[in-house]
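Here the structure is laid out as structure tokens; the discussion comes afterwards.
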Amino acid sequence: MSDDHGPVQDVEVAIATELLHILEDSYGTGAGSARAHVHDDSVVVFLDDLKLQRSEEYLLSAGEAHAVTDVRHHYQQAIEATFRAAVERATGRRVISFASITKLDPHYAVEIFRLGPAKEPGASDPRSG
């Protein structure tokens with residue numbers, strides 16, 4: 001990856017686009033926008049203006065926000081491998097850790113990925129052996 005806005009920006013757009021697509025496809029609702037930021041060994045993705053399902057909107061109006069964040073937390077645990085794979089494809093690096101948080105005022109989620117070491121030029125991928 002490069003840091004001169006070219007390749008890094010392409011990776012960031014690819015990650016944001018794919019995670020938003022995964023969210024929409026698997027959860028049934030998406031977000032108004034997605035932005036990814038790649039820096040050294042970390043990737044942070046903001047999913048802004050989360051679109052809630054009708055049942056989630058009803059729970060919020062009934063004062064049950066914790067139920068919405070709890071279900072979303074369980075969803076993030078279930079979708080973790082898929083999100084990791086998307087980030088690994090885009091960065092060419094292994095994801096060694098993942099964390100996620102959903103906030104409801106305003107509605108957004110933050111996905112945080114820690115990356116393993118970058119491969120040395122000419123080094124083989126230990127996963128391929």
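Naming works like this for the structure tokens: A, B, ... for the chains as they're shown, residue 1 at the start of each chain, ligands 1 onward in shown order.
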Write out as a PyMOL selection string all residues of segment 7-109 of chain A that backbone DSSP assigns to strand (DSSP E). chain A and resi 31-39+42-50+95-104+107-109
Store the residues picked out above in a file with N, CA and C atoms, as a short mmCIF file (atom, residue, chain, number, x, y, z; two decimals), in the first residue's frame.
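Saved file result-v3.cif follows:
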```cif
data_model
loop_
_atom_site.label_atom_id
_atom_site.label_comp_id
_atom_site.auth_asym_id
_atom_site.auth_seq_id
_atom_site.Cartn_x
_atom_site.Cartn_y
_atom_site.Cartn_z
N ALA A 31 -26.61 1.64 5.70
CA ALA A 31 -26.25 2.91 6.33
C ALA A 31 -26.25 3.97 5.23
N GLY A 32 -26.38 5.23 5.65
CA GLY A 32 -26.37 6.32 4.68
C GLY A 32 -25.03 6.47 3.98
N SER A 33 -23.94 6.18 4.71
CA SER A 33 -22.61 6.27 4.11
C SER A 33 -21.65 5.40 4.91
N ALA A 34 -20.55 5.08 4.27
CA ALA A 34 -19.48 4.32 4.91
C ALA A 34 -18.15 4.96 4.53
N ARG A 35 -17.29 5.14 5.54
CA ARG A 35 -15.95 5.68 5.31
C ARG A 35 -14.95 4.80 6.03
N ALA A 36 -13.89 4.43 5.33
CA ALA A 36 -12.83 3.63 5.92
C ALA A 36 -11.56 4.46 5.98
N HIS A 37 -10.78 4.23 7.02
CA HIS A 37 -9.50 4.91 7.20
C HIS A 37 -8.46 3.84 7.51
N VAL A 38 -7.42 3.78 6.68
CA VAL A 38 -6.33 2.83 6.88
C VAL A 38 -5.12 3.61 7.35
N HIS A 39 -4.55 3.17 8.48
CA HIS A 39 -3.36 3.83 9.00
C HIS A 39 -2.48 2.78 9.67
N SER A 42 -3.89 -0.44 11.38
CA SER A 42 -5.30 -0.36 11.77
C SER A 42 -6.18 0.10 10.63
N VAL A 43 -7.41 -0.37 10.68
CA VAL A 43 -8.46 0.04 9.75
C VAL A 43 -9.67 0.39 10.60
N VAL A 44 -10.20 1.58 10.40
CA VAL A 44 -11.39 2.02 11.12
C VAL A 44 -12.45 2.37 10.07
N VAL A 45 -13.62 1.79 10.24
CA VAL A 45 -14.72 2.02 9.29
C VAL A 45 -15.89 2.62 10.05
N PHE A 46 -16.37 3.76 9.56
CA PHE A 46 -17.56 4.41 10.12
C PHE A 46 -18.74 4.13 9.20
N LEU A 47 -19.78 3.55 9.75
CA LEU A 47 -21.04 3.34 9.04
C LEU A 47 -22.01 4.35 9.62
N ASP A 48 -22.15 5.47 8.93
CA ASP A 48 -22.95 6.59 9.44
C ASP A 48 -24.39 6.50 8.97
N ASP A 49 -25.28 7.06 9.79
CA ASP A 49 -26.71 7.09 9.49
C ASP A 49 -27.25 5.68 9.26
N LEU A 50 -27.01 4.82 10.26
CA LEU A 50 -27.53 3.45 10.17
C LEU A 50 -29.02 3.46 9.91
N VAL A 95 -6.10 -9.88 9.32
CA VAL A 95 -6.73 -9.17 10.43
C VAL A 95 -6.50 -10.01 11.68
N ILE A 96 -5.90 -9.41 12.71
CA ILE A 96 -5.60 -10.16 13.93
C ILE A 96 -6.58 -9.85 15.06
N SER A 97 -7.37 -8.79 14.90
CA SER A 97 -8.34 -8.44 15.93
C SER A 97 -9.45 -7.58 15.33
N PHE A 98 -10.63 -7.70 15.90
CA PHE A 98 -11.80 -6.96 15.41
C PHE A 98 -12.62 -6.49 16.60
N ALA A 99 -13.10 -5.26 16.54
CA ALA A 99 -14.02 -4.73 17.54
C ALA A 99 -15.08 -3.91 16.83
N SER A 100 -16.25 -3.84 17.42
CA SER A 100 -17.36 -3.12 16.80
C SER A 100 -18.21 -2.49 17.89
N ILE A 101 -18.74 -1.31 17.58
CA ILE A 101 -19.67 -0.66 18.51
C ILE A 101 -20.76 0.02 17.70
N THR A 102 -21.97 -0.06 18.21
CA THR A 102 -23.11 0.62 17.59
C THR A 102 -23.63 1.67 18.56
N LYS A 103 -23.86 2.87 18.05
CA LYS A 103 -24.43 3.97 18.83
C LYS A 103 -25.75 4.37 18.17
N LEU A 104 -26.69 4.81 19.00
CA LEU A 104 -28.02 5.12 18.48
C LEU A 104 -28.39 6.60 18.56
N HIS A 107 -27.35 7.55 14.94
CA HIS A 107 -27.22 6.15 14.54
C HIS A 107 -25.94 5.96 13.73
N TYR A 108 -24.99 5.22 14.29
CA TYR A 108 -23.79 4.87 13.53
C TYR A 108 -23.12 3.67 14.17
N ALA A 109 -22.22 3.05 13.41
CA ALA A 109 -21.41 1.94 13.92
C ALA A 109 -19.97 2.21 13.54
#
```
Ranking A:Ala62, A:Ile22, A:His74, A:Gly116 by minimum distance to Thr91 of chain A and counting only C-alpha atoms, which one comes first?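 The closest residue to Thr91 of chain A is A:Gly116.
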Please report, as JSON, numbers by chain, each residue of segment 6-75 of chain A to which DSSP assigns helix (DSSP H, G or I) when run on this structure's backbone. {"A": [7, 8, 9, 10, 11, 12, 13, 14, 15, 16, 17, 18, 19, 20, 21, 22, 23, 24, 25, 26, 27, 54, 55, 56, 57, 58, 59, 60, 61, 65, 66, 67, 68, 69, 70, 71, 72, 73, 74, 75]}
Could you write out the selected residues, including N, CA and C atoms, as a compact mmCIF listing (two decimals), in the first residue's frame?
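Ended up saving to part-v3.txt:
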```txt
# COMPACT_ATOMS: atom_id res chain seq x y z
N PRO A 7 -3.17 4.44 -3.91
CA PRO A 7 -3.53 3.09 -3.48
C PRO A 7 -4.24 3.02 -2.13
N VAL A 8 -3.83 3.82 -1.15
CA VAL A 8 -4.50 3.79 0.15
C VAL A 8 -5.95 4.21 0.00
N GLN A 9 -6.18 5.27 -0.74
CA GLN A 9 -7.55 5.73 -0.94
C GLN A 9 -8.37 4.66 -1.66
N ASP A 10 -7.78 3.98 -2.64
CA ASP A 10 -8.49 2.90 -3.33
C ASP A 10 -8.86 1.78 -2.37
N VAL A 11 -7.94 1.42 -1.47
CA VAL A 11 -8.20 0.39 -0.47
C VAL A 11 -9.31 0.84 0.47
N GLU A 12 -9.26 2.09 0.90
CA GLU A 12 -10.29 2.61 1.80
C GLU A 12 -11.66 2.58 1.14
N VAL A 13 -11.75 2.97 -0.11
CA VAL A 13 -13.03 2.94 -0.82
C VAL A 13 -13.52 1.51 -0.97
N ALA A 14 -12.61 0.60 -1.29
CA ALA A 14 -12.99 -0.81 -1.46
C ALA A 14 -13.53 -1.39 -0.16
N ILE A 15 -12.86 -1.10 0.95
CA ILE A 15 -13.31 -1.62 2.25
C ILE A 15 -14.67 -1.03 2.61
N ALA A 16 -14.82 0.27 2.51
CA ALA A 16 -16.08 0.92 2.86
C ALA A 16 -17.23 0.38 2.01
N THR A 17 -16.99 0.26 0.72
CA THR A 17 -18.03 -0.22 -0.19
C THR A 17 -18.42 -1.65 0.12
N GLU A 18 -17.42 -2.51 0.36
CA GLU A 18 -17.74 -3.91 0.61
C GLU A 18 -18.43 -4.12 1.95
N LEU A 19 -17.97 -3.44 2.99
CA LEU A 19 -18.62 -3.61 4.30
C LEU A 19 -20.06 -3.11 4.26
N LEU A 20 -20.30 -2.01 3.56
CA LEU A 20 -21.67 -1.51 3.42
C LEU A 20 -22.54 -2.52 2.67
N HIS A 21 -22.00 -3.10 1.62
CA HIS A 21 -22.74 -4.11 0.85
C HIS A 21 -23.04 -5.33 1.73
N ILE A 22 -22.04 -5.79 2.50
CA ILE A 22 -22.25 -6.93 3.38
C ILE A 22 -23.34 -6.62 4.40
N LEU A 23 -23.30 -5.43 5.00
CA LEU A 23 -24.31 -5.03 5.97
C LEU A 23 -25.70 -5.06 5.35
N GLU A 24 -25.85 -4.44 4.19
CA GLU A 24 -27.15 -4.39 3.53
C GLU A 24 -27.66 -5.78 3.19
N ASP A 25 -26.76 -6.63 2.67
CA ASP A 25 -27.15 -7.97 2.23
C ASP A 25 -27.48 -8.88 3.39
N SER A 26 -26.73 -8.80 4.48
CA SER A 26 -26.91 -9.75 5.57
C SER A 26 -27.88 -9.28 6.65
N TYR A 27 -27.93 -7.97 6.91
CA TYR A 27 -28.79 -7.46 7.99
C TYR A 27 -30.15 -6.99 7.48
N ARG A 54 -37.75 -1.81 11.04
CA ARG A 54 -38.97 -1.31 11.71
C ARG A 54 -39.05 -1.80 13.15
N SER A 55 -38.66 -3.03 13.36
CA SER A 55 -38.72 -3.56 14.73
C SER A 55 -37.75 -2.81 15.64
N GLU A 56 -36.60 -2.41 15.11
CA GLU A 56 -35.63 -1.64 15.91
C GLU A 56 -36.18 -0.25 16.22
N GLU A 57 -36.81 0.37 15.25
CA GLU A 57 -37.42 1.69 15.47
C GLU A 57 -38.50 1.59 16.56
N TYR A 58 -39.29 0.52 16.50
CA TYR A 58 -40.33 0.32 17.51
C TYR A 58 -39.72 0.15 18.90
N LEU A 59 -38.68 -0.66 18.99
CA LEU A 59 -38.00 -0.86 20.27
C LEU A 59 -37.44 0.46 20.82
N LEU A 60 -36.85 1.25 19.95
CA LEU A 60 -36.33 2.56 20.38
C LEU A 60 -37.45 3.44 20.93
N SER A 61 -38.56 3.49 20.21
CA SER A 61 -39.67 4.34 20.65
C SER A 61 -40.27 3.84 21.96
N ALA A 65 -33.68 0.79 23.80
CA ALA A 65 -32.47 0.95 22.98
C ALA A 65 -31.46 -0.15 23.25
N HIS A 66 -31.35 -0.58 24.51
CA HIS A 66 -30.38 -1.63 24.84
C HIS A 66 -30.66 -2.91 24.07
N ALA A 67 -31.92 -3.21 23.78
CA ALA A 67 -32.26 -4.40 23.01
C ALA A 67 -31.73 -4.29 21.58
N VAL A 68 -31.83 -3.09 21.02
CA VAL A 68 -31.34 -2.86 19.66
C VAL A 68 -29.82 -3.01 19.63
N THR A 69 -29.12 -2.37 20.56
CA THR A 69 -27.65 -2.47 20.55
C THR A 69 -27.21 -3.89 20.87
N ASP A 70 -27.97 -4.61 21.70
CA ASP A 70 -27.62 -5.99 22.03
C ASP A 70 -27.73 -6.89 20.78
N VAL A 71 -28.83 -6.77 20.05
CA VAL A 71 -29.00 -7.57 18.83
C VAL A 71 -27.92 -7.21 17.82
N ARG A 72 -27.63 -5.93 17.67
CA ARG A 72 -26.59 -5.51 16.74
C ARG A 72 -25.22 -6.04 17.16
N HIS A 73 -24.96 -6.10 18.46
CA HIS A 73 -23.70 -6.65 18.96
C HIS A 73 -23.59 -8.13 18.57
N HIS A 74 -24.66 -8.88 18.76
CA HIS A 74 -24.65 -10.29 18.38
C HIS A 74 -24.48 -10.47 16.88
N TYR A 75 -25.11 -9.60 16.11
CA TYR A 75 -24.94 -9.63 14.66
C TYR A 75 -23.47 -9.42 14.30
```
What is the atom CA of Glu64 of chain A to atom CA of Phe83 of chain A distance in Å? 27.2 Å
